[in-house]
There are 6 protein chains.
Amino acid sequence: MTPQTTLVPGNSLITDTPEAGRALAIKLARLSIKATQPDADVRDQLRPVYANDAAMLIAIGQTIALEFATIAQANNYWK
Amino acid sequence: MTPQTTLVPGNSLITDTPEAGRALAIKLARLSIKATQPDADVRDQLRPVYANDAAMLIAIGQTIALEFATIAQANNYWK
Amino acid sequence: MTPQTTLVPGNSLITDTPEAGRALAIKLARLSIKATQPDADVRDQLRPVYANDAAMLIAIGQTIALEFATIAQANNYWK
Amino acid sequence: MTPQTTLVPGNSLITDTPEAGRALAIKLARLSIKATQPDADVRDQLRPVYANDAAMLIAIGQTIALEFATIAQANNYWK
Amino acid sequence: MTPQTTLVPGNSLITDTPEAGRALAIKLARLSIKATQPDADVRDQLRPVYANDAAMLIAIGQTIALEFATIAQANNYWK
Amino acid sequence: MTPQTTLVPGNSLITDTPEAGRALAIKLARLSIKATQPDADVRDQLRPVYANDAAMLIAIGQTIALEFATIAQANNYWK
């Protein structure tokens, strides 16, 4: 039985494809925010703030790039 | 048949050349933004905002550098 | 007897699972803040500031990604 | 015949010296900006903005450091 | 006789434990600031500025994470 | 005869000690700024701006950490 996780979906960094690895990177980034701000209502209020702000969208892109670097290495770049 | 992808074009980090690797880095960065802000109209409105802002252009450059680091390693630096 | 630690819980980067590694990354990030601002009252006052600010939440997410990269490598990606 | 490149000069990360590697890092950083903002007139207008802004110069320095990390590794640190 | 150092305490990245490695990361980060702003009076004036600013505390946390990544690798993650 | 360099002092990443490696990291960071803003008068005017600004000093510290990561790896961490 897989233990319940709240920070790493499936409790693994291994994915079948780069596409799935990228999706995991996005999830990890989102779950970091959730761990820091557990109130769903607050997160719902913040979503339109960053989703309409170019600088914040870029910063989120940097987070995804950082998370993906780790996931890609864990998967030996799916080679 | 290659499955449809929305985050990693071609579902692979492997490219023939550094030039193609760099182009992939730019695409990955753009697809991160698209995943976070799926509304094409909003993205169209934001484009002139960051494309005319020096600080945001620099931040985008940092994202590309981060994405390229992963792609370059995946390709063993095309050596 | 494990010596008392204030910066690295358990004085180790090794964890059983990715989920535990991610939790450690979050703790390391928080303990950095604590080391820089040791006054608990000040930290309590700052918490609602960053927890309700989209840009700061994103920046915290970048820190967690950086810490996790190190922890993941220490654990050979739990492979 | 080397194909025309717009993102990686010479379509290679390999350089003879660290000095040349550093120059390549600067070029890669500039070409990222050019890819995001292809209008030379706009880039000309933005140059004095960032060249006289301490925070932006520092951010450019971070980009160069990131690009150089990849180039240095590609060249096995010129050892 | 160990030569006097101002940037790397003990002139070594090797530490006995992760906790000591983390403490070194914090020291390296502080000594970078000192090298850039050698005036102790100015640094004293700036301390309450960043110690009470959530965004700056987060940025310091990012620096510590970056420094620690290097130290952890130097110590083979204390495995 | 060593060729003249403007970006990497001594045209090498190899140093005798961590202390010397750290000093090189600081020099590389400064030479990036110089390459982007070659006018010494402008740089002189910007120095008090960033040297008295906590956020910019922190950002410079991040640059130094990034540069040092590459130099430390080039020197196999002086082990």
# chains A, B, ... in the order shown; residues from 1 in each chain; ligands from 1
>>> calpha_fit_and_write(fixed="chain C", moving="chain A", output="CSV table (one decimal) with N, CA and C atoms, in the first residue's frame")
chain,number,residue,atom,x,y,z
A,1,MET,N,24.7,9.1,20.9
A,1,MET,CA,23.8,10.2,21.1
A,1,MET,C,23.9,11.2,19.9
A,2,THR,N,22.8,11.5,19.3
A,2,THR,CA,22.8,12.5,18.2
A,2,THR,C,23.0,13.9,18.8
A,3,PRO,N,24.0,14.7,18.3
A,3,PRO,CA,24.1,16.0,18.8
A,3,PRO,C,22.9,16.9,18.5
A,4,GLN,N,22.7,17.9,19.3
A,4,GLN,CA,21.6,18.8,19.0
A,4,GLN,C,21.9,19.6,17.7
A,5,THR,N,20.8,19.7,16.9
A,5,THR,CA,21.0,20.5,15.7
A,5,THR,C,20.0,21.6,15.6
A,6,THR,N,20.4,22.6,14.9
A,6,THR,CA,19.4,23.7,14.7
A,6,THR,C,19.2,24.0,13.2
A,7,LEU,N,20.0,23.4,12.4
A,7,LEU,CA,20.0,23.8,10.9
A,7,LEU,C,19.6,22.6,10.1
A,8,VAL,N,19.9,21.4,10.5
A,8,VAL,CA,19.6,20.1,9.7
A,8,VAL,C,19.0,19.1,10.7
A,9,PRO,N,17.6,19.0,10.6
A,9,PRO,CA,17.0,18.0,11.5
A,9,PRO,C,17.5,16.6,11.3
A,10,GLY,N,17.9,16.0,12.5
A,10,GLY,CA,18.5,14.7,12.4
A,10,GLY,C,19.9,14.6,11.9
A,11,ASN,N,20.5,15.8,11.6
A,11,ASN,CA,21.8,15.9,11.1
A,11,ASN,C,22.2,15.0,9.9
A,12,SER,N,21.2,14.8,9.0
A,12,SER,CA,21.4,13.9,7.9
A,12,SER,C,20.5,14.4,6.7
A,13,LEU,N,21.0,14.1,5.5
A,13,LEU,CA,20.2,14.4,4.3
A,13,LEU,C,19.5,13.2,3.8
A,14,ILE,N,19.7,12.1,4.4
A,14,ILE,CA,19.2,10.8,3.9
A,14,ILE,C,17.8,10.6,4.5
A,15,THR,N,16.9,10.3,3.6
A,15,THR,CA,15.5,10.1,4.0
A,15,THR,C,15.0,8.8,3.3
A,16,ASP,N,13.9,8.2,3.9
A,16,ASP,CA,13.4,6.9,3.3
A,16,ASP,C,12.7,7.1,2.0
A,17,THR,N,12.1,8.2,1.8
A,17,THR,CA,11.2,8.4,0.6
A,17,THR,C,11.4,9.8,0.1
A,18,PRO,N,11.0,10.0,-1.2
A,18,PRO,CA,10.9,11.3,-1.8
A,18,PRO,C,10.0,12.3,-1.0
A,19,GLU,N,8.9,11.7,-0.5
A,19,GLU,CA,8.0,12.5,0.4
A,19,GLU,C,8.7,13.1,1.6
A,20,ALA,N,9.5,12.2,2.3
A,20,ALA,CA,10.2,12.6,3.4
A,20,ALA,C,11.4,13.6,3.0
A,21,GLY,N,11.9,13.4,1.8
A,21,GLY,CA,13.0,14.3,1.3
A,21,GLY,C,12.4,15.7,1.1
A,22,ARG,N,11.2,15.7,0.6
A,22,ARG,CA,10.6,17.0,0.3
A,22,ARG,C,10.2,17.7,1.6
A,23,ALA,N,9.8,17.0,2.6
A,23,ALA,CA,9.5,17.6,3.9
A,23,ALA,C,10.8,18.1,4.5
A,24,LEU,N,11.9,17.4,4.3
A,24,LEU,CA,13.2,17.9,4.8
A,24,LEU,C,13.6,19.2,4.1
A,25,ALA,N,13.3,19.3,2.8
A,25,ALA,CA,13.6,20.5,2.0
A,25,ALA,C,12.9,21.7,2.6
A,26,ILE,N,11.6,21.5,2.9
A,26,ILE,CA,10.8,22.6,3.5
A,26,ILE,C,11.4,23.0,4.9
A,27,LYS,N,11.8,22.0,5.6
A,27,LYS,CA,12.3,22.3,7.0
A,27,LYS,C,13.7,23.0,6.8
A,28,LEU,N,14.5,22.6,5.9
A,28,LEU,CA,15.8,23.3,5.8
A,28,LEU,C,15.5,24.8,5.4
A,29,ALA,N,14.6,25.0,4.5
A,29,ALA,CA,14.3,26.4,4.1
A,29,ALA,C,13.8,27.2,5.2
A,30,ARG,N,13.0,26.6,6.1
A,30,ARG,CA,12.5,27.3,7.2
A,30,ARG,C,13.6,27.6,8.3
A,31,LEU,N,14.5,26.7,8.4
A,31,LEU,CA,15.5,26.8,9.4
A,31,LEU,C,16.6,27.9,9.0
A,32,SER,N,16.7,28.1,7.6
A,32,SER,CA,17.5,29.2,7.2
A,32,SER,C,17.0,30.5,7.6
A,33,ILE,N,15.7,30.7,7.5
A,33,ILE,CA,15.0,31.9,7.9
A,33,ILE,C,15.2,32.1,9.4
A,34,LYS,N,15.0,31.0,10.1
A,34,LYS,CA,15.2,31.1,11.6
A,34,LYS,C,16.6,31.5,12.0
A,35,ALA,N,17.6,31.0,11.3
A,35,ALA,CA,19.0,31.3,11.6
A,35,ALA,C,19.2,32.8,11.3
A,36,THR,N,18.6,33.3,10.3
A,36,THR,CA,18.8,34.7,9.9
A,36,THR,C,18.0,35.7,10.8
A,37,GLN,N,16.8,35.2,11.2
A,37,GLN,CA,15.9,36.0,12.1
A,37,GLN,C,15.5,35.1,13.2
A,38,PRO,N,16.3,35.1,14.3
A,38,PRO,CA,16.1,34.2,15.4
A,38,PRO,C,14.9,34.6,16.3
A,39,ASP,N,14.3,35.8,16.1
A,39,ASP,CA,13.3,36.3,17.0
A,39,ASP,C,11.9,35.7,16.5
A,40,ALA,N,11.4,34.8,17.4
A,40,ALA,CA,10.1,34.1,17.0
A,40,ALA,C,9.0,35.1,16.8
A,41,ASP,N,8.9,36.1,17.5
A,41,ASP,CA,7.9,37.1,17.4
A,41,ASP,C,7.9,37.8,16.0
A,42,VAL,N,9.1,38.1,15.6
A,42,VAL,CA,9.2,38.8,14.3
A,42,VAL,C,8.8,37.8,13.2
A,43,ARG,N,9.2,36.5,13.3
A,43,ARG,CA,8.9,35.5,12.3
A,43,ARG,C,7.4,35.3,12.3
A,44,ASP,N,6.7,35.4,13.5
A,44,ASP,CA,5.3,35.2,13.5
A,44,ASP,C,4.6,36.4,12.8
A,45,GLN,N,5.2,37.6,12.9
A,45,GLN,CA,4.6,38.7,12.2
A,45,GLN,C,4.8,38.6,10.7
A,46,LEU,N,5.9,38.0,10.3
A,46,LEU,CA,6.2,38.0,8.9
A,46,LEU,C,5.4,36.9,8.2
A,47,ARG,N,5.0,35.9,8.9
A,47,ARG,CA,4.3,34.7,8.3
A,47,ARG,C,3.1,35.1,7.4
A,48,PRO,N,2.1,35.9,8.0
A,48,PRO,CA,1.0,36.3,7.1
A,48,PRO,C,1.4,37.2,6.0
A,49,VAL,N,2.5,37.9,6.1
A,49,VAL,CA,3.0,38.7,5.0
A,49,VAL,C,3.3,37.8,3.8
A,50,TYR,N,4.2,36.8,3.9
A,50,TYR,CA,4.6,36.0,2.8
A,50,TYR,C,3.5,35.0,2.4
A,51,ALA,N,2.7,34.5,3.4
A,51,ALA,CA,1.7,33.5,3.1
A,51,ALA,C,0.5,34.0,2.3
A,52,ASN,N,0.4,35.4,2.2
A,52,ASN,CA,-0.6,36.0,1.4
A,52,ASN,C,-0.1,36.7,0.2
A,53,ASP,N,1.1,36.6,-0.1
A,53,ASP,CA,1.8,37.3,-1.2
A,53,ASP,C,2.2,36.3,-2.2
A,54,ALA,N,1.6,36.4,-3.4
A,54,ALA,CA,1.9,35.4,-4.5
A,54,ALA,C,3.3,35.3,-4.8
A,55,ALA,N,4.0,36.5,-5.0
A,55,ALA,CA,5.4,36.5,-5.4
A,55,ALA,C,6.3,35.9,-4.4
A,56,MET,N,6.0,36.1,-3.1
A,56,MET,CA,6.8,35.5,-2.0
A,56,MET,C,6.6,34.0,-1.9
A,57,LEU,N,5.4,33.6,-2.1
A,57,LEU,CA,5.1,32.1,-2.1
A,57,LEU,C,5.9,31.5,-3.3
A,58,ILE,N,5.9,32.1,-4.4
A,58,ILE,CA,6.7,31.6,-5.5
A,58,ILE,C,8.1,31.5,-5.2
A,59,ALA,N,8.7,32.6,-4.6
A,59,ALA,CA,10.1,32.6,-4.2
A,59,ALA,C,10.4,31.5,-3.2
A,60,ILE,N,9.5,31.2,-2.2
A,60,ILE,CA,9.7,30.1,-1.3
A,60,ILE,C,9.7,28.8,-2.0
A,61,GLY,N,8.9,28.7,-3.0
A,61,GLY,CA,8.8,27.5,-3.9
A,61,GLY,C,10.2,27.3,-4.6
A,62,GLN,N,10.8,28.3,-5.0
A,62,GLN,CA,12.1,28.2,-5.6
A,62,GLN,C,13.2,27.7,-4.6
A,63,THR,N,13.1,28.2,-3.4
A,63,THR,CA,14.0,27.8,-2.3
A,63,THR,C,13.8,26.3,-2.1
A,64,ILE,N,12.6,25.9,-2.0
A,64,ILE,CA,12.3,24.4,-1.7
A,64,ILE,C,12.9,23.6,-2.9
A,65,ALA,N,12.7,24.1,-4.1
A,65,ALA,CA,13.2,23.3,-5.2
A,65,ALA,C,14.7,23.2,-5.2
A,66,LEU,N,15.4,24.3,-4.8
A,66,LEU,CA,16.9,24.2,-4.6
A,66,LEU,C,17.3,23.3,-3.5
A,67,GLU,N,16.7,23.3,-2.4
A,67,GLU,CA,17.0,22.4,-1.3
A,67,GLU,C,16.8,21.0,-1.7
A,68,PHE,N,15.6,20.8,-2.3
A,68,PHE,CA,15.3,19.4,-2.7
A,68,PHE,C,16.3,18.8,-3.7
A,69,ALA,N,16.8,19.6,-4.6
A,69,ALA,CA,17.8,19.1,-5.6
A,69,ALA,C,18.9,18.5,-4.9
A,70,THR,N,19.4,19.1,-3.8
A,70,THR,CA,20.5,18.6,-3.0
A,70,THR,C,20.2,17.3,-2.3
A,71,ILE,N,19.0,17.3,-1.7
A,71,ILE,CA,18.5,16.2,-0.9
A,71,ILE,C,18.3,15.0,-1.8
A,72,ALA,N,17.7,15.2,-3.0
A,72,ALA,CA,17.4,14.2,-3.9
A,72,ALA,C,18.7,13.5,-4.4
A,73,GLN,N,19.7,14.3,-4.7
A,73,GLN,CA,21.0,13.8,-5.1
A,73,GLN,C,21.7,13.0,-4.0
A,74,ALA,N,21.6,13.5,-2.8
A,74,ALA,CA,22.1,12.8,-1.6
A,74,ALA,C,21.5,11.4,-1.5
A,75,ASN,N,20.3,11.2,-1.9
A,75,ASN,CA,19.6,10.0,-1.8
A,75,ASN,C,19.6,9.2,-3.1
A,76,ASN,N,20.4,9.6,-4.0
A,76,ASN,CA,20.5,9.0,-5.3
A,76,ASN,C,19.1,8.8,-5.9
A,77,TYR,N,18.2,9.8,-5.7
A,77,TYR,CA,16.9,9.9,-6.2
A,77,TYR,C,16.0,8.8,-5.8
A,78,TRP,N,16.4,8.1,-4.6
A,78,TRP,CA,15.5,7.0,-4.1
A,78,TRP,C,15.3,5.9,-5.1
A,79,LYS,N,16.3,5.7,-6.0
A,79,LYS,CA,16.2,4.7,-7.0
A,79,LYS,C,16.5,3.3,-6.4
>>> select_by_dssp(residues="chain F", states="helix (DSSP H, G or I)", output="ChimeraX atom specification")
/F:9-11,18-36,40-51,54-74,76-78
>>> write_last_selection(atoms="C-alpha atoms", output="mmCIF file, in the first residue's frame")
data_model
loop_
_atom_site.group_PDB
_atom_site.id
_atom_site.type_symbol
_atom_site.label_atom_id
_atom_site.label_comp_id
_atom_site.auth_asym_id
_atom_site.auth_seq_id
_atom_site.Cartn_x
_atom_site.Cartn_y
_atom_site.Cartn_z
ATOM 1 C CA PRO F 9 41.608 36.327 -14.655
ATOM 2 C CA GLY F 10 44.517 34.064 -15.563
ATOM 3 C CA ASN F 11 42.270 32.307 -18.081
ATOM 4 C CA PRO F 18 38.957 27.343 -1.598
ATOM 5 C CA GLU F 19 39.805 30.863 -0.443
ATOM 6 C CA ALA F 20 41.405 31.636 -3.814
ATOM 7 C CA GLY F 21 38.451 29.988 -5.544
ATOM 8 C CA ARG F 22 36.063 32.217 -3.685
ATOM 9 C CA ALA F 23 38.080 35.299 -4.625
ATOM 10 C CA LEU F 24 37.905 34.178 -8.252
ATOM 11 C CA ALA F 25 34.128 33.802 -7.987
ATOM 12 C CA ILE F 26 33.869 37.404 -6.805
ATOM 13 C CA LYS F 27 36.110 38.572 -9.662
ATOM 14 C CA LEU F 28 34.073 36.685 -12.270
ATOM 15 C CA ALA F 29 30.903 38.280 -10.944
ATOM 16 C CA ARG F 30 32.463 41.741 -11.154
ATOM 17 C CA LEU F 31 33.823 41.158 -14.647
ATOM 18 C CA SER F 32 30.341 40.198 -15.859
ATOM 19 C CA ILE F 33 29.108 43.590 -14.736
ATOM 20 C CA LYS F 34 32.072 45.266 -16.407
ATOM 21 C CA ALA F 35 31.371 43.447 -19.683
ATOM 22 C CA THR F 36 27.764 44.598 -19.626
ATOM 23 C CA ALA F 40 33.938 52.935 -15.414
ATOM 24 C CA ASP F 41 32.259 56.191 -14.416
ATOM 25 C CA VAL F 42 28.824 54.624 -14.515
ATOM 26 C CA ARG F 43 30.042 51.634 -12.500
ATOM 27 C CA ASP F 44 31.525 54.020 -9.933
ATOM 28 C CA GLN F 45 28.161 55.736 -9.617
ATOM 29 C CA LEU F 46 26.336 52.429 -9.213
ATOM 30 C CA ARG F 47 28.681 51.047 -6.531
ATOM 31 C CA PRO F 48 27.212 53.022 -3.602
ATOM 32 C CA VAL F 49 23.743 52.164 -4.875
ATOM 33 C CA TYR F 50 24.135 48.403 -4.500
ATOM 34 C CA ALA F 51 26.623 48.511 -1.612
ATOM 35 C CA ALA F 54 20.338 45.012 1.343
ATOM 36 C CA ALA F 55 18.365 43.360 -1.467
ATOM 37 C CA MET F 56 21.101 43.998 -4.026
ATOM 38 C CA LEU F 57 23.821 42.781 -1.681
ATOM 39 C CA ILE F 58 21.848 39.566 -1.263
ATOM 40 C CA ALA F 59 21.489 39.238 -5.048
ATOM 41 C CA ILE F 60 25.240 39.700 -5.460
ATOM 42 C CA GLY F 61 25.706 36.972 -2.879
ATOM 43 C CA GLN F 62 23.581 34.666 -5.021
ATOM 44 C CA THR F 63 25.743 35.412 -8.050
ATOM 45 C CA ILE F 64 28.902 34.631 -6.090
ATOM 46 C CA ALA F 65 27.370 31.344 -4.913
ATOM 47 C CA LEU F 66 26.567 30.386 -8.515
ATOM 48 C CA GLU F 67 30.058 31.262 -9.777
ATOM 49 C CA PHE F 68 31.676 29.443 -6.864
ATOM 50 C CA ALA F 69 29.697 26.277 -7.565
ATOM 51 C CA THR F 70 31.363 26.051 -10.982
ATOM 52 C CA ILE F 71 34.833 26.885 -9.673
ATOM 53 C CA ALA F 72 34.541 24.406 -6.801
ATOM 54 C CA GLN F 73 33.568 21.639 -9.189
ATOM 55 C CA ALA F 74 36.438 22.549 -11.535
ATOM 56 C CA ASN F 76 37.156 18.853 -7.434
ATOM 57 C CA TYR F 77 36.336 20.759 -4.248
ATOM 58 C CA TRP F 78 40.072 20.968 -3.377
#
